[in-house]
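This is query15.txt. It holds compact mmCIF, C-alpha atoms.
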# COMPACT_ATOMS: atom_id res chain seq x y z
CA MET A 249 32.05 -9.08 7.94
CA TYR A 250 31.29 -5.45 8.78
CA THR A 251 31.12 -4.57 5.06
CA ILE A 252 28.56 -7.28 4.37
CA LEU A 253 26.46 -6.35 7.39
CA ALA A 254 26.59 -2.70 6.32
CA CYS A 255 25.40 -3.74 2.86
CA VAL A 256 22.57 -5.77 4.37
CA ALA A 257 21.63 -2.86 6.62
CA SER A 258 21.51 -0.50 3.65
CA VAL A 259 19.21 -2.85 1.75
CA LEU A 260 16.91 -3.49 4.70
CA PHE A 261 16.94 -0.23 6.58
CA GLY A 262 18.36 2.42 4.26
CA ALA A 263 21.89 3.60 4.98
CA CYS A 264 23.08 5.34 1.86
CA GLU A 265 21.69 7.28 -1.04
CA SER A 266 22.65 8.49 -4.51
CA SER A 267 21.81 11.66 -6.36
CA ILE A 268 18.45 12.16 -8.07
CA PRO A 269 17.79 15.34 -10.07
CA ARG A 270 15.64 17.81 -8.17
CA VAL A 271 13.46 19.80 -10.57
CA PRO A 272 10.88 22.03 -8.84
CA ALA A 273 7.34 21.31 -10.01
CA GLN A 274 3.80 22.04 -8.98
CA GLY A 275 0.34 21.23 -10.20
CA GLU A 276 -2.85 19.37 -9.38
CA LEU A 277 -3.55 15.66 -9.65
CA ALA A 278 -6.63 13.75 -8.47
CA GLY A 279 -7.91 16.87 -6.71
CA ARG A 280 -4.69 17.25 -4.75
CA TYR A 281 -2.29 20.19 -5.10
CA ILE A 282 1.31 19.03 -5.46
CA SER A 283 4.42 21.13 -4.84
CA THR A 284 7.65 19.14 -4.74
CA THR A 285 10.70 18.25 -6.81
CA VAL A 286 10.71 15.70 -9.61
CA ASP A 287 13.48 13.82 -11.40
CA SER A 288 13.05 15.21 -14.93
CA MET A 289 11.68 17.97 -17.11
CA ALA A 290 9.27 15.39 -18.55
CA ALA A 291 7.70 14.85 -15.12
CA ARG A 292 7.53 18.59 -14.59
CA TYR A 293 5.88 19.05 -17.99
CA TYR A 294 3.29 16.41 -17.16
CA LEU A 295 2.38 18.02 -13.85
CA GLU A 296 2.42 21.65 -15.00
CA HIS A 297 1.12 21.37 -18.57
CA TYR A 298 -0.12 17.97 -19.70
CA LEU A 299 -2.62 17.53 -16.87
CA ARG A 300 -4.01 20.98 -17.67
CA GLY A 301 -4.46 20.11 -21.33
CA GLU A 302 -1.72 22.50 -22.46
CA ASN A 303 0.37 21.35 -25.43
CA ALA A 304 3.51 23.37 -24.71
CA ASP A 305 5.90 20.80 -26.22
CA SER A 306 4.42 18.83 -29.11
CA GLU A 307 7.02 16.06 -29.10
CA MET A 308 6.83 15.43 -25.36
CA HIS A 309 3.04 15.68 -25.50
CA ARG A 310 2.91 13.08 -28.26
CA GLN A 311 5.15 10.68 -26.31
CA ILE A 312 3.01 11.00 -23.19
CA ASP A 313 -0.14 10.46 -25.26
CA LYS A 314 1.36 7.19 -26.45
CA PHE A 315 2.02 6.03 -22.90
CA HIS A 316 -1.54 6.90 -21.88
CA ALA A 317 -2.88 4.94 -24.83
CA GLN A 318 -1.02 1.86 -23.61
CA LEU A 319 -2.69 2.09 -20.20
CA GLN A 320 -6.11 2.71 -21.71
CA LYS A 321 -5.73 -0.63 -23.51
CA GLY A 322 -5.58 -2.29 -20.13
CA GLN A 323 -1.83 -2.84 -20.08
CA ILE A 324 -1.48 -1.76 -16.46
CA ASP A 325 1.29 -4.19 -15.59
CA ARG A 326 4.77 -3.83 -14.18
CA ASP A 327 6.47 -4.16 -17.57
CA THR A 328 4.49 -1.32 -19.14
CA ILE A 329 5.01 0.98 -16.14
CA ALA A 330 8.71 0.08 -15.95
CA HIS A 331 9.07 0.88 -19.67
CA ILE A 332 7.71 4.38 -19.09
CA ALA A 333 10.02 4.83 -16.10
CA ASN A 334 13.14 3.70 -17.95
CA SER A 335 12.44 5.42 -21.26
CA MET A 336 11.46 8.78 -19.70
CA SER A 337 11.66 8.93 -15.89
CA PRO A 338 10.32 7.14 -12.79
CA ASP A 339 8.50 10.27 -11.62
CA LEU A 340 6.75 10.62 -14.97
CA ALA A 341 5.71 6.97 -14.73
CA THR A 342 4.44 7.57 -11.20
CA LEU A 343 2.35 10.56 -12.29
CA ILE A 344 0.90 8.74 -15.31
CA PHE A 345 0.12 5.71 -13.17
CA ALA A 346 -1.56 7.81 -10.47
CA ASP A 347 -3.54 9.78 -13.05
CA TYR A 348 -4.71 6.56 -14.68
CA LEU A 349 -5.84 5.07 -11.37
CA SER A 350 -7.62 8.25 -10.30
CA SER A 351 -9.50 8.38 -13.62
CA LEU A 352 -11.21 5.03 -13.03
CA GLU A 353 -14.79 5.70 -11.94
CA SER A 354 -14.82 3.39 -8.92
CA ASN A 355 -11.54 4.82 -7.64
CA ALA A 356 -12.64 8.42 -8.22
CA ARG A 357 -15.85 7.83 -6.29
CA MET A 358 -14.06 6.19 -3.37
CA GLN A 359 -11.38 8.91 -3.32
CA ALA A 360 -14.03 11.66 -3.26
CA ASN A 361 -15.94 9.96 -0.44
CA PHE A 362 -12.72 9.53 1.53
CA SER A 363 -11.84 13.23 1.09
CA GLU A 364 -15.32 14.25 2.29
CA GLU A 365 -15.09 12.05 5.36
CA LEU A 366 -11.64 13.37 6.22
CA ALA A 367 -12.74 16.98 5.86
CA GLU A 368 -15.65 16.28 8.19
CA ILE A 369 -13.45 14.58 10.78
CA LEU A 370 -10.90 17.39 10.81
CA ARG A 371 -13.54 20.00 11.61
CA PRO A 372 -12.91 21.43 15.11
CA GLN A 373 -16.40 20.51 16.31
CA TRP A 374 -16.25 16.90 15.16
CA SER A 375 -17.17 14.39 17.88
CA PHE A 376 -15.33 11.20 18.73
CA PHE A 377 -18.59 9.33 18.98
CA LEU A 378 -20.39 7.88 16.00
CA ASP A 379 -24.11 8.42 15.80
CA ASP A 380 -24.76 5.61 13.32
CA ALA A 381 -25.36 2.09 14.56
CA GLN A 382 -24.23 0.75 11.20
CA SER A 383 -20.56 1.46 11.93
CA ARG A 384 -20.78 -0.31 15.27
CA GLU A 385 -21.91 -3.51 13.62
CA TYR A 386 -18.39 -4.20 12.38
CA VAL A 387 -15.29 -5.52 14.07
CA ILE A 388 -12.05 -4.18 12.63
CA LEU A 389 -9.43 -6.90 12.70
CA PHE A 390 -5.86 -5.68 12.21
CA ALA A 391 -3.10 -7.88 10.78
CA PRO A 392 0.16 -6.21 11.92
CA GLY A 393 3.18 -5.59 9.75
CA TRP A 394 6.70 -6.98 9.90
CA LEU A 395 8.56 -6.62 13.24
CA TYR A 396 5.56 -4.94 14.85
CA LEU A 397 6.73 -5.99 18.31
CA SER A 398 10.43 -5.18 17.91
CA ASP A 399 9.92 -1.72 16.41
CA PRO A 400 6.61 -0.10 17.42
CA THR A 401 7.80 3.25 16.01
CA THR A 402 6.86 2.06 12.50
CA GLY A 403 3.19 1.97 13.45
CA ALA A 404 2.94 -1.60 12.15
CA ASP A 405 0.93 -2.55 15.25
CA PHE A 406 -1.81 0.03 14.45
CA LEU A 407 -1.80 0.99 18.14
CA LYS A 408 -2.84 4.64 17.68
CA GLN A 409 -5.54 3.75 15.19
CA ARG A 410 -6.92 1.06 17.50
CA GLU A 411 -6.98 3.48 20.42
CA ILE A 412 -8.94 6.07 18.46
CA LEU A 413 -11.42 3.54 17.15
CA ASP A 414 -11.87 2.06 20.62
CA ARG A 415 -12.68 5.54 21.94
CA MET A 416 -15.29 5.83 19.20
CA GLY A 417 -16.96 2.65 20.36
CA ILE A 418 -15.76 0.54 17.44
CA GLN A 419 -14.73 -3.02 18.22
CA THR A 420 -11.17 -3.80 17.19
CA GLY A 421 -8.81 -6.74 17.41
CA LEU A 422 -5.15 -7.43 16.68
CA ILE A 423 -4.16 -10.76 15.17
CA GLU A 424 -1.06 -11.96 17.01
CA THR A 425 1.04 -13.13 14.10
CA ALA A 426 4.71 -14.10 14.32
CA GLU A 427 6.41 -10.76 13.77
CA SER A 428 9.23 -12.17 11.64
CA GLY A 429 7.46 -15.33 10.50
CA SER A 430 6.95 -16.37 6.90
CA VAL A 431 3.96 -15.21 4.88
CA GLU A 432 2.63 -18.76 4.73
CA HIS A 433 2.90 -19.30 8.49
CA ASN A 434 1.21 -16.02 9.36
CA ALA A 435 -1.48 -16.64 6.74
CA GLU A 436 -2.40 -19.81 8.66
CA ILE A 437 -2.72 -17.75 11.87
CA ILE A 438 -4.87 -15.15 10.12
CA ALA A 439 -7.06 -17.81 8.51
CA ALA A 440 -7.60 -19.49 11.88
CA GLU A 441 -8.57 -16.16 13.45
CA ILE A 442 -11.04 -15.45 10.65
CA MET A 443 -12.59 -18.90 11.11
CA LEU A 444 -12.88 -18.34 14.87
CA ARG A 445 -14.57 -14.99 14.38
CA GLY A 446 -17.00 -16.63 11.99
CA THR A 447 -18.33 -18.90 14.72
CA GLU A 448 -19.03 -15.78 16.78
CA LYS A 449 -21.11 -14.25 13.96
CA GLU A 450 -18.92 -11.15 13.77
CA LYS A 451 -18.99 -8.87 10.71
CA LEU A 452 -15.33 -8.31 9.92
CA ILE A 453 -13.35 -5.59 8.20
CA LEU A 454 -9.74 -6.73 7.82
CA VAL A 455 -6.89 -4.22 7.77
CA SER A 456 -3.35 -5.18 6.79
CA ALA A 457 -0.12 -3.24 6.42
CA SER A 458 2.94 -3.91 4.27
CA LYS A 459 4.02 -7.57 4.58
CA SER A 460 0.74 -8.59 6.21
CA GLY A 461 -0.99 -7.63 2.96
CA ALA A 462 0.57 -10.72 1.39
CA GLU A 463 -0.45 -12.74 4.44
CA VAL A 464 -4.10 -11.66 4.30
CA ALA A 465 -4.18 -12.24 0.54
CA PHE A 466 -2.88 -15.79 1.06
CA ALA A 467 -5.31 -16.45 3.92
CA LEU A 468 -8.36 -15.22 1.99
CA GLY A 469 -7.35 -16.44 -1.44
CA ALA A 470 -5.65 -19.77 -0.74
CA TYR A 471 -6.35 -21.12 2.76
CA LEU A 472 -10.05 -20.23 3.07
CA THR A 473 -13.00 -20.90 0.80
CA SER A 474 -15.69 -18.39 -0.13
CA ALA A 475 -18.07 -20.15 2.27
CA GLN A 476 -15.60 -19.64 5.11
CA THR A 477 -15.32 -15.90 4.48
CA THR A 478 -18.96 -14.84 4.23
CA HIS A 479 -18.57 -12.81 7.43
CA VAL A 480 -15.58 -10.88 5.98
CA HIS A 481 -17.16 -7.81 4.41
CA ALA A 482 -14.08 -5.80 3.47
CA TRP A 483 -10.30 -5.84 3.41
CA VAL A 484 -8.28 -2.62 3.55
CA ASN A 485 -4.85 -3.27 2.05
CA VAL A 486 -2.49 -0.55 3.34
CA GLY A 487 0.74 -0.40 1.33
CA GLY A 488 0.59 -4.13 0.79
CA VAL A 489 3.75 -5.92 -0.34
CA ILE A 490 1.48 -8.34 -2.16
CA GLN A 491 3.88 -9.66 -4.78
CA GLY A 492 7.11 -9.35 -2.84
CA THR A 493 9.95 -6.86 -3.18
CA GLN A 494 13.22 -6.78 -5.05
CA LEU A 495 14.81 -5.60 -1.80
CA ALA A 496 14.25 -9.08 -0.39
CA ASP A 497 15.69 -10.55 -3.59
CA THR A 498 18.88 -8.52 -3.12
CA ALA A 499 19.16 -9.33 0.57
CA MET A 500 18.79 -13.05 -0.04
CA ASP A 501 21.42 -13.17 -2.80
CA TRP A 502 24.98 -14.34 -2.17
CA PRO A 503 27.11 -12.98 -0.53
CA GLN A 504 24.59 -10.76 1.33
CA TRP A 505 22.70 -13.83 2.49
CA TRP A 506 25.20 -15.16 5.03
CA GLY A 507 25.73 -11.73 6.53
CA LEU A 508 21.98 -11.27 6.77
CA TYR A 509 21.62 -14.68 8.39
CA LEU A 510 24.10 -13.70 11.11
CA TYR A 511 22.40 -10.36 11.59
CA PHE A 512 18.97 -12.01 12.02
CA TRP A 513 20.45 -14.61 14.38
CA TRP A 514 21.87 -11.78 16.50
CA LYS A 515 18.49 -9.98 16.52
CA GLU A 516 16.66 -13.27 17.21
CA TRP A 517 14.49 -12.82 14.12
CA ASP A 518 13.28 -15.55 11.79
CA VAL A 519 14.93 -15.13 8.39
CA SER A 520 12.11 -17.12 6.77
CA GLY A 521 9.90 -14.04 6.98
CA LEU A 522 12.17 -12.04 4.70
CA ALA A 523 12.88 -15.04 2.47
CA SER A 524 9.14 -15.47 1.89
CA MET A 525 8.96 -11.91 0.54
CA THR A 526 11.19 -12.52 -2.47
CA THR A 527 9.44 -11.77 -5.76
CA ASN A 528 9.81 -15.27 -7.21
CA ILE A 529 8.03 -16.85 -4.23
CA ARG A 530 5.30 -14.25 -3.88
CA ARG A 531 4.51 -13.91 -7.57
CA ALA A 532 4.34 -17.67 -8.01
CA SER A 533 1.86 -18.01 -5.13
CA TYR A 534 -0.11 -14.93 -6.17
CA ALA A 535 -0.87 -16.52 -9.53
CA TYR A 536 -3.38 -18.91 -7.95
CA ILE A 537 -4.82 -16.63 -5.27
CA HIS A 538 -8.46 -15.60 -5.70
CA ILE A 539 -10.07 -13.23 -3.24
CA PRO A 540 -13.77 -14.11 -2.76
CA ASP A 541 -16.07 -11.80 -4.70
CA ASN A 542 -18.16 -10.96 -1.62
CA ILE A 543 -15.24 -9.05 -0.06
CA LEU A 544 -14.82 -5.36 -0.83
CA VAL A 545 -11.08 -4.80 -1.28
CA VAL A 546 -9.73 -1.28 -0.85
CA ASN A 547 -6.08 -0.51 -1.55
CA TYR A 548 -4.75 2.45 0.45
CA MET A 549 -1.65 3.37 -1.52
CA ALA A 550 1.15 5.83 -0.80
CA VAL A 551 2.26 7.46 -4.07
CA PRO A 552 5.50 9.41 -3.61
CA LEU A 553 7.49 11.37 -6.15
CA SER A 554 11.27 11.45 -5.74
CA GLY A 555 11.06 14.72 -3.82
CA ASP A 556 8.64 13.24 -1.28
CA ILE A 557 10.77 10.35 -0.02
CA SER A 558 11.70 10.55 3.67
CA ASP A 559 15.34 10.14 4.71
CA GLY A 560 14.97 6.66 6.15
CA VAL A 561 13.52 5.29 2.92
CA LYS A 562 15.69 6.97 0.28
CA SER A 563 18.25 4.23 -0.30
CA ARG A 564 15.57 1.57 -0.68
CA TYR A 565 13.53 3.81 -2.96
CA GLU A 566 16.55 4.35 -5.20
CA LEU A 567 17.33 0.62 -5.35
CA LEU A 568 13.80 0.04 -6.64
CA ARG A 569 13.71 2.91 -9.16
CA PRO A 570 14.99 0.81 -12.11
CA TYR A 571 11.93 -1.43 -11.68
CA GLY A 572 9.44 1.43 -11.80
CA PRO A 573 7.30 3.60 -9.48
CA ASN A 574 7.59 2.44 -5.88
CA ASP A 575 6.84 3.61 -2.35
CA GLY A 576 10.28 2.80 -0.92
CA LEU A 577 9.57 -0.88 -0.27
CA THR A 578 7.57 -2.33 -3.14
CA LEU A 579 6.36 -1.47 -6.63
CA LEU A 580 3.11 0.49 -6.74
CA VAL A 581 1.64 -1.67 -9.48
CA ASP A 582 2.22 -4.80 -7.38
CA GLN A 583 0.01 -3.46 -4.57
CA ILE A 584 -3.22 -3.57 -6.57
CA ILE A 585 -5.62 -6.48 -6.07
CA PRO A 586 -7.71 -7.35 -9.16
CA GLY A 587 -11.31 -6.16 -8.79
CA SER A 588 -10.41 -3.76 -6.00
CA VAL A 589 -10.75 -0.01 -5.58
CA THR A 590 -7.81 2.24 -4.75
CA VAL A 591 -7.46 5.35 -2.60
CA LEU A 592 -4.28 7.27 -3.37
CA GLU A 593 -2.21 9.08 -0.75
CA LEU A 594 -0.11 11.39 -2.90
CA GLY A 595 3.16 12.65 -1.41
CA LEU A 596 3.64 9.94 1.22
CA ASP A 597 5.98 6.94 1.12
CA HIS A 598 5.61 3.41 2.46
CA PHE A 599 5.57 4.42 6.11
CA PHE A 600 2.66 6.87 5.70
CA ARG A 601 4.23 9.43 8.01
CA ASP A 602 1.59 12.12 8.34
CA SER A 603 0.46 14.23 11.28
CA VAL A 604 -3.16 13.18 10.72
CA ILE A 605 -2.66 9.60 9.55
CA GLU A 606 -4.69 8.21 12.48
CA TRP A 607 -7.65 10.37 11.46
CA LYS A 608 -7.23 9.26 7.88
CA THR A 609 -7.66 5.71 9.15
CA VAL A 610 -10.97 6.72 10.72
CA ALA A 611 -12.03 8.48 7.51
CA LEU A 612 -11.15 5.37 5.51
CA PHE A 613 -13.16 3.18 7.89
CA ARG A 614 -16.21 5.42 7.57
CA THR A 615 -15.81 5.46 3.78
CA VAL A 616 -15.66 1.67 3.64
CA VAL A 617 -18.71 1.27 5.88
CA LYS A 618 -20.75 3.64 3.73
CA SER A 619 -19.61 1.83 0.59
CA LEU A 620 -20.74 -1.47 2.10
CA ALA A 621 -24.09 0.06 2.99
CA SER A 622 -24.47 1.33 -0.56
CA GLN A 623 -23.68 -2.12 -1.96
CA GLN A 624 -26.20 -3.76 0.34
CA GLY A 625 -28.84 -1.18 -0.59
CA ALA A 626 -28.29 -1.86 -4.28
CA MET A 627 -28.90 -5.57 -3.68
CA HIS A 628 -32.34 -4.99 -2.15
As structure tokens, please, write out the structure in this file.
Amino acid sequence: MYTILACVASVLFGACESSIPRVPAQGELAGRYISTTVDSMAARYYLEHYLRGENADSEMHRQIDKFHAQLQKGQIDRDTIAHIANSMSPDLATLIFADYLSSLESNARMQANFSEELAEILRPQWSFFLDDAQSREYVILFAPGWLYLSDPTTGADFLKQREILDRMGIQTGLIETAESGSVEHNAEIIAAEIMLRGTEKEKLILVSASKSGAEVAFALGAYLTSAQTTHVHAWVNVGGVIQGTQLADTAMDWPQWWGLYLYFWWKEWDVSGLASMTTNIRRASYAYIHIPDNILVVNYMAVPLSGDISDGVKSRYELLRPYGPNDGLTLLVDQIIPGSVTVLELGLDHFFRDSVIEWKTVALFRTVVKSLASQQGAMH
């Protein structure tokens, strides 16, 4: 039994790791300087030469051009990205994917606005208090991530972010979902909370993290109608496991399943939460989800290269590498909501461990509010 539980623990929490090539590389992508290690010379070439327009290897340059052409045709799906990863390297696929996303006009504009807000906030003389009434009109409603009560060290409860926003005079709320409940069950809780807030005439900005991304997507796109979400102005999807994860697939397979069941029984967790995150369940449900057009959806995505992965995530990251670029818990391409805009956080993994991550939350909030104001101005 110990062997099976150890296997389950390695899948769920990261207990072992294999060897990935470590090739030093540096360069600039999406306005961000990168200095790390990558898994191949192809990834290094892309970062140090291709992005600068330097054709230092005609054959490699031609191959990368071909991959870019595939994305430009709109084939931004998991199969295309996985093909790049498996035929060249996962880090090359990650860089190409990030470059493609950052080149889209709406994403570039949102990324630039976010960077400006963050630079302003990090100035020594910046004040906690907002001087614009517009920001105070909104209530930020947080949908917490998996096991947010059992393990507050993950930040899945958004406690630090809520404290900072409260000090700034911004109204916040935490939706009390079942921490290990299924996506469908928690989506019902979230939908009910959204309906309740609607009767109070609140202007909502929803924020989800990891597993709760799938829950918010299901609440907005399946349980509620457009008429029931008119007071929801934006949804910030932070590292959303929208279409499930192959890690859950592995954990739920035999013989891991019975060991996992015992482990969850011992921890007093509901195994249905993990079971609902398998890719076959999530992708099947995602096929008929439609987020109302009136909601601005912003994906806040961690984009790590192999040299950026933190110790606690490495084994999970490596298990996902055959499927393509990932953040250590889910595929990057599966985090994107159709019709949304994306802000990239290069160099971080799924847990967004950063000394200024709380301030980045504030910067993202201010960016979203200004984007909403710009949209409203364009309508008048």
List the neighbours of region 608-612 of chain A out to 7 Å using all atoms listed in the file; skip same-chain residues closer than 3 positions along the sequence, and give me the result as a PyMOL selection string. chain A and resi 362+365-366+409+604-605+615-616
Restricted to C-alpha atoms, what would the selected residues look like written as a short mmCIF file (atom, residue, chain, number, x, y, z; two decimals), in the frame of the given file?
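Saved as out-v9.cif:
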data_model
loop_
_atom_site.label_atom_id
_atom_site.label_comp_id
_atom_site.auth_asym_id
_atom_site.auth_seq_id
_atom_site.Cartn_x
_atom_site.Cartn_y
_atom_site.Cartn_z
CA PHE A 362 -12.72 9.53 1.53
CA GLU A 365 -15.09 12.05 5.36
CA LEU A 366 -11.64 13.37 6.22
CA GLN A 409 -5.54 3.75 15.19
CA VAL A 604 -3.16 13.18 10.72
CA ILE A 605 -2.66 9.60 9.55
CA THR A 615 -15.81 5.46 3.78
CA VAL A 616 -15.66 1.67 3.64
#
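Closest approach to Leu277 (chain A) from the set A:Leu452, A:Ala356, A:Leu567, A:Leu594 is made by A:Leu594, with distances taken over all atoms listed in the file.
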Report the distance between CA of Ser458 (chain A) and CA of Trp394 (chain A) in Å, rounded to one decimal place. 7.4 Å
CA of Asp541 (chain A) to CA of Ile453 (chain A), distance in Å rounded to a single decimal: 14.6 Å
Could you please determine the separation between CA of Thr493 (chain A) and CA of Ala333 (chain A) in Å, to one decimal place? 17.4 Å
Please determine, counting only C-alpha atoms, which residue among A:Tyr293, A:Tyr565, A:Trp607, A:Phe390 has the shortest atom-to-atom distance to Ser306 (chain A). A:Tyr293
Would you please work out which residue, of A:Thr526, A:Thr477, A:Ser563, A:Gln382, is nearest to Ile543 (chain A) when using only C-alpha atoms? A:Thr477
Mind listing as a PyMOL selection string all residues within 10 Å of (4.9, 10.4, -3.2), counting all atoms listed in the file? chain A and resi 282+284+339+342-343+549-558+573-576+592-598+600
What's around Ile423 (chain A) at 10 Å? Count all atoms listed in the file, leave out sequence neighbours fewer than 3 positions away in its own chain, and write the answer as JSON, numbers by chain. {"A": [389, 390, 391, 392, 405, 426, 434, 437, 438, 440, 441, 442]}
What would the file look like if the residues just selected were written as an mmCIF file, in the frame of the given file with C-alpha atoms?
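Here's the written file part08.cif:
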data_model
loop_
_atom_site.group_PDB
_atom_site.id
_atom_site.type_symbol
_atom_site.label_atom_id
_atom_site.label_comp_id
_atom_site.auth_asym_id
_atom_site.auth_seq_id
_atom_site.Cartn_x
_atom_site.Cartn_y
_atom_site.Cartn_z
ATOM 1 C CA LEU A 389 -9.430 -6.900 12.700
ATOM 2 C CA PHE A 390 -5.860 -5.680 12.210
ATOM 3 C CA ALA A 391 -3.100 -7.880 10.780
ATOM 4 C CA PRO A 392 0.160 -6.210 11.920
ATOM 5 C CA ASP A 405 0.930 -2.550 15.250
ATOM 6 C CA ALA A 426 4.710 -14.100 14.320
ATOM 7 C CA ASN A 434 1.210 -16.020 9.360
ATOM 8 C CA ILE A 437 -2.720 -17.750 11.870
ATOM 9 C CA ILE A 438 -4.870 -15.150 10.120
ATOM 10 C CA ALA A 440 -7.600 -19.490 11.880
ATOM 11 C CA GLU A 441 -8.570 -16.160 13.450
ATOM 12 C CA ILE A 442 -11.040 -15.450 10.650
#
Nearest to Asp582 (chain A), restricted to only C-alpha atoms and choosing among A:Glu424, A:Asp325, A:Asp602, A:Glu276, comes out as A:Asp325
Residue among A:Val387, A:Thr578, A:Gly446, A:Ile537 lying closest to Phe613 (chain A), counting all atoms listed in the file: A:Val387
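Of the residues under consideration (A:Met289, A:Ala304, A:Ala482, A:Ile490), A:Ile490 shows the shortest atom-to-atom contact distance to Ser460 (chain A) when counting all atoms listed in the file.
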Residues near Thr590 (chain A), cut-off 7 Å, all atoms listed in the file, skip fewer than 3 positions along chain, as a PyMOL selection string: chain A and resi 355+546-548
Give me the residues near region 470-476 of chain A as a PyMOL selection string, where near means some atom within 9 Å (using all atoms listed in the file) and where sequence neighbours in that chain fewer than 4 positions away do not count. chain A and resi 435-436+439+442-443+446+465-466+480+533+536-542
